[in-house]
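Raw contents of structure_7.txt, compact mmCIF, C-alpha atoms:
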```
# COMPACT_ATOMS: atom_id res chain seq x y z
CA MET A 1 0.00 0.00 0.00
CA THR A 2 1.16 3.24 -0.89
CA ALA A 3 0.46 6.08 1.40
CA LEU A 4 -1.42 8.99 0.03
CA ARG A 5 0.51 12.09 0.37
CA THR A 6 -1.41 15.18 1.11
CA ILE A 7 -0.06 18.39 -0.20
CA ARG A 8 -0.11 21.00 2.49
CA ARG A 9 0.12 24.67 1.80
CA PRO A 10 2.42 26.56 4.10
CA ALA A 11 0.61 28.98 6.42
CA GLY A 12 0.57 32.66 5.39
CA PHE A 13 -0.37 34.82 2.44
CA THR A 14 0.52 34.27 -1.15
CA PHE A 15 2.26 37.04 -2.97
CA ILE A 16 -0.94 38.04 -4.81
CA GLU A 17 -2.94 38.17 -1.57
CA ALA A 18 -0.31 40.39 0.03
CA LEU A 19 -0.32 42.76 -2.98
CA MET A 20 -4.11 43.02 -2.90
CA THR A 21 -4.09 43.78 0.83
CA ILE A 22 -1.47 46.50 0.39
CA ALA A 23 -3.41 48.04 -2.52
CA ILE A 24 -6.64 48.16 -0.50
CA MET A 25 -4.83 49.73 2.46
CA ALA A 26 -3.22 52.32 0.18
CA MET A 27 -6.62 53.31 -1.26
CA MET A 28 -8.09 53.67 2.24
CA ALA A 29 -5.12 55.78 3.36
CA THR A 30 -5.55 58.03 0.32
CA LEU A 31 -9.20 58.63 1.21
CA VAL A 32 -8.36 59.46 4.83
CA ILE A 33 -5.52 61.81 3.91
CA SER A 34 -7.63 63.68 1.36
CA ALA A 35 -10.43 64.06 3.89
CA PHE A 36 -8.07 65.65 6.42
CA SER A 37 -6.38 67.91 3.90
CA ASN A 38 -9.76 69.19 2.63
CA ALA A 39 -10.93 69.87 6.19
CA GLY A 40 -8.32 72.60 6.67
CA THR A 41 -9.21 74.32 3.41
CA ASP A 42 -12.93 73.99 4.10
CA SER A 43 -12.56 75.60 7.51
CA ALA A 44 -10.54 78.46 6.01
CA ARG A 45 -13.32 79.02 3.46
CA ILE A 46 -15.90 79.13 6.25
CA VAL A 47 -13.81 81.65 8.18
CA SER A 48 -13.42 83.75 5.01
CA ARG A 49 -17.19 83.85 4.55
CA GLN A 50 -17.65 84.78 8.19
CA GLN A 51 -15.14 87.61 7.83
CA GLN A 52 -16.98 88.85 4.75
CA ALA A 53 -20.26 88.76 6.69
CA THR A 54 -18.67 90.65 9.60
CA LEU A 55 -17.43 93.42 7.31
CA GLN A 56 -20.81 93.54 5.53
CA SER A 57 -22.54 94.00 8.89
CA ALA A 58 -20.12 96.78 9.78
CA LEU A 59 -20.77 98.44 6.41
CA ASN A 60 -24.52 98.22 6.99
CA ALA A 61 -24.05 99.74 10.43
CA TRP A 62 -21.96 102.56 8.94
CA VAL A 63 -24.66 103.37 6.36
CA ASN A 64 -27.36 103.40 9.03
CA GLY A 65 -25.18 104.79 11.80
CA GLU A 66 -26.22 107.87 13.70
CA SER A 67 -22.94 109.68 13.03
CA ASN A 68 -23.37 109.14 9.31
CA ARG A 69 -27.03 110.08 9.15
CA THR A 70 -26.76 113.65 10.43
CA ASP A 71 -25.18 116.41 8.38
CA VAL A 72 -22.14 117.61 10.34
CA ILE A 73 -22.62 121.30 9.50
CA SER A 74 -26.27 121.24 10.54
CA ALA A 75 -25.48 119.34 13.73
CA THR A 76 -23.02 122.00 14.89
CA LEU A 77 -25.66 124.67 14.32
CA GLY A 78 -28.19 122.64 16.26
CA THR A 79 -30.56 121.88 13.41
CA GLY A 80 -29.38 118.29 12.75
CA ARG A 81 -30.73 117.84 9.23
CA PRO A 82 -30.61 114.13 8.27
CA ARG A 83 -28.52 113.13 5.27
CA THR A 84 -30.10 111.24 2.42
CA ILE A 85 -28.94 107.86 1.20
CA ALA A 86 -27.75 109.57 -2.00
CA GLN A 87 -25.49 111.84 0.07
CA ILE A 88 -24.13 108.88 2.02
CA GLN A 89 -23.56 107.00 -1.25
CA THR A 90 -21.67 109.97 -2.68
CA ALA A 91 -19.50 110.16 0.44
CA TYR A 92 -18.77 106.42 0.23
CA ASN A 93 -17.86 106.50 -3.45
CA ALA A 94 -15.66 109.59 -2.92
CA VAL A 95 -13.34 107.47 -0.77
CA THR A 96 -11.09 105.36 -3.01
CA GLY A 97 -9.25 102.17 -2.14
CA ASN A 98 -10.39 99.17 -0.15
CA LEU A 99 -8.34 100.06 2.91
CA ALA A 100 -9.73 103.62 2.97
CA ARG A 101 -13.29 102.24 2.78
CA PHE A 102 -12.39 99.72 5.48
CA ASN A 103 -11.30 102.65 7.66
CA LEU A 104 -14.76 104.20 7.19
CA ILE A 105 -16.41 101.18 8.80
CA SER A 106 -13.69 100.39 11.36
CA PRO A 107 -15.48 102.26 14.19
CA TYR A 108 -18.21 99.61 13.87
CA LEU A 109 -15.72 96.77 14.49
CA ASP A 110 -13.97 95.83 17.70
CA SER A 111 -10.34 96.92 18.02
CA ASN A 112 -8.94 93.36 17.68
CA THR A 113 -10.76 92.79 14.39
CA THR A 114 -9.68 96.17 13.06
CA SER A 115 -6.01 95.63 13.92
CA TYR A 116 -6.13 92.06 12.58
CA PHE A 117 -7.32 93.17 9.14
CA THR A 118 -5.04 96.21 8.95
CA THR A 119 -2.02 94.01 9.78
CA TYR A 120 -2.49 91.87 6.65
CA SER A 121 -4.20 94.29 4.26
CA SER A 122 -2.98 96.59 1.53
CA SER A 123 -4.73 99.54 -0.11
CA THR A 124 -6.11 97.24 -2.80
CA GLN A 125 -6.92 94.07 -0.83
CA ILE A 126 -8.34 93.34 2.61
CA LEU A 127 -6.57 90.17 3.78
CA SER A 128 -6.33 87.75 6.70
CA ASP A 129 -4.74 84.34 7.35
CA ALA A 130 -7.87 82.51 6.22
CA LEU A 131 -8.16 84.64 3.09
CA ASN A 132 -4.50 83.97 2.23
CA THR A 133 -5.09 80.23 2.70
CA THR A 134 -8.04 80.23 0.30
CA LYS A 135 -6.27 82.64 -2.10
CA GLN A 136 -9.02 85.24 -1.76
CA TYR A 137 -9.35 88.85 -0.66
CA ILE A 138 -12.16 91.14 0.43
CA ALA A 139 -13.02 94.24 -1.58
CA PHE A 140 -15.35 97.19 -1.20
CA PRO A 141 -16.51 97.98 -4.76
CA ASP A 142 -18.21 101.25 -5.67
CA TRP A 143 -21.74 101.61 -4.40
CA ALA A 144 -23.91 101.25 -7.50
CA ALA A 145 -27.06 103.32 -7.98
CA ASN A 146 -30.34 101.79 -6.77
CA SER A 147 -28.57 99.16 -4.69
CA TYR A 148 -26.87 98.73 -1.34
CA PRO A 149 -23.08 98.75 -0.75
CA GLN A 150 -21.54 95.30 -0.94
CA VAL A 151 -18.51 93.57 0.52
CA THR A 152 -17.21 91.06 -2.02
CA LEU A 153 -15.02 88.01 -1.66
CA ASN A 154 -12.73 87.78 -4.70
CA ALA A 155 -10.15 85.27 -5.93
CA LYS A 156 -6.52 86.41 -6.15
```
Show me this structure written as structure tokens.
Amino acid sequence: MTALRTIRRPAGFTFIEALMTIAIMAMMATLVISAFSNAGTDSARIVSRQQQATLQSALNAWVNGESNRTDVISATLGTGRPRTIAQIQTAYNAVTGNLARFNLISPYLDSNTTSYFTTYSSSTQILSDALNTTKQYIAFPDWAANSYPQVTLNAK
């Protein structure tokens, strides 16, 4: 009688199984890394939008502010004639440059926010860390007729 020999496979993975496992792990790692790298950019975009909204609120407050609504000459004489929106629009458009328009609304921002933006900004672009990360800047375009002044978020 001859003994039947059984062929036994050695324990462990074959080369193909090991390659497939490594490929699957590499794909999973790629997904995780891309999710984390997008999270930083996404949060910077959110902060940029929040900064735009903050400056828009300050601009709205400047337009409707008590110091802006009363004609200075009339106030010193005691009459206090209110200024029209057209007069406020003319005063806004007379100021040129984004930083100069930012300085108009800066009394309606807290001192930390004002110093933060002035640290990074130039006369043509209002900047911050988040805006630099997303390659954007904030601008104060001219106030168009029959509209309201806008704060825009622009790409560099």
Just to confirm, what's the straight-line distance from atom CA of Asn68 of chain A to atom CA of Val95 of chain A in Å (one decimal)?
14.3 Å
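Counting from atom CA of Ala91 of chain A, the distance to atom CA of Thr152 of chain A is 19.4 Å.
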Residue nearest Asn64 of chain A among A:Asn112, A:Ser106, A:Asn154, A:Thr84 (counting only C-alpha atoms)
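Checking each of A:Asn112, A:Ser106, A:Asn154, A:Thr84 against Asn64 of chain A, counting only C-alpha atoms, the winner is A:Thr84.
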Within 12 Å of Ala155 of chain A, counting all atoms listed in the file, which residues qualify if same-chain residues fewer than 5 places away don't, as a VMD selection string?
chain A and resid 45 48 125 to 127 131 to 139
So, with all atoms listed in the file as the atoms that count, which of A:Ile46, A:Ala18, A:Ile7, A:Val63 lies closest to Gln87 of chain A?
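Nearest candidate to Gln87 of chain A out of A:Ile46, A:Ala18, A:Ile7, A:Val63: A:Val63.
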Nearby residues (all atoms listed in the file) at most 10 Å from Tyr108 of chain A, same-chain spacing under 2 positions excluded, as an MDAnalysis selection string
chainID A and resid 54:55 57:62 65 103:106 110:111 114
Any idea what the distance is between atom CA of Phe117 of chain A and atom CA of Trp143 of chain A?
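Those two atoms sit 21.5 Å apart.
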Counting all atoms listed in the file, which residue out of A:Ala94, A:Gln56, A:Ser121, A:Ser128 sits closest to Leu109 of chain A?
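With all atoms listed in the file as the atom set, the closest residue is A:Gln56.
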Contacts of segment 97-101 of chain A within 6 Å, all atoms listed in the file, excl. fewer than 5 positions in-chain, as a PDB file with C-alpha atoms, keeping the file's coordinate frame:
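And here is the file that came out, part.pdb:
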```
ATOM      1  CA  SER A 123      -4.730  99.540  -0.110  1.00  0.00           C
ATOM      2  CA  THR A 124      -6.110  97.240  -2.800  1.00  0.00           C
ATOM      3  CA  ALA A 139     -13.020  94.240  -1.580  1.00  0.00           C
ATOM      4  CA  PHE A 140     -15.350  97.190  -1.200  1.00  0.00           C
TER       5      PHE A 140
END
```
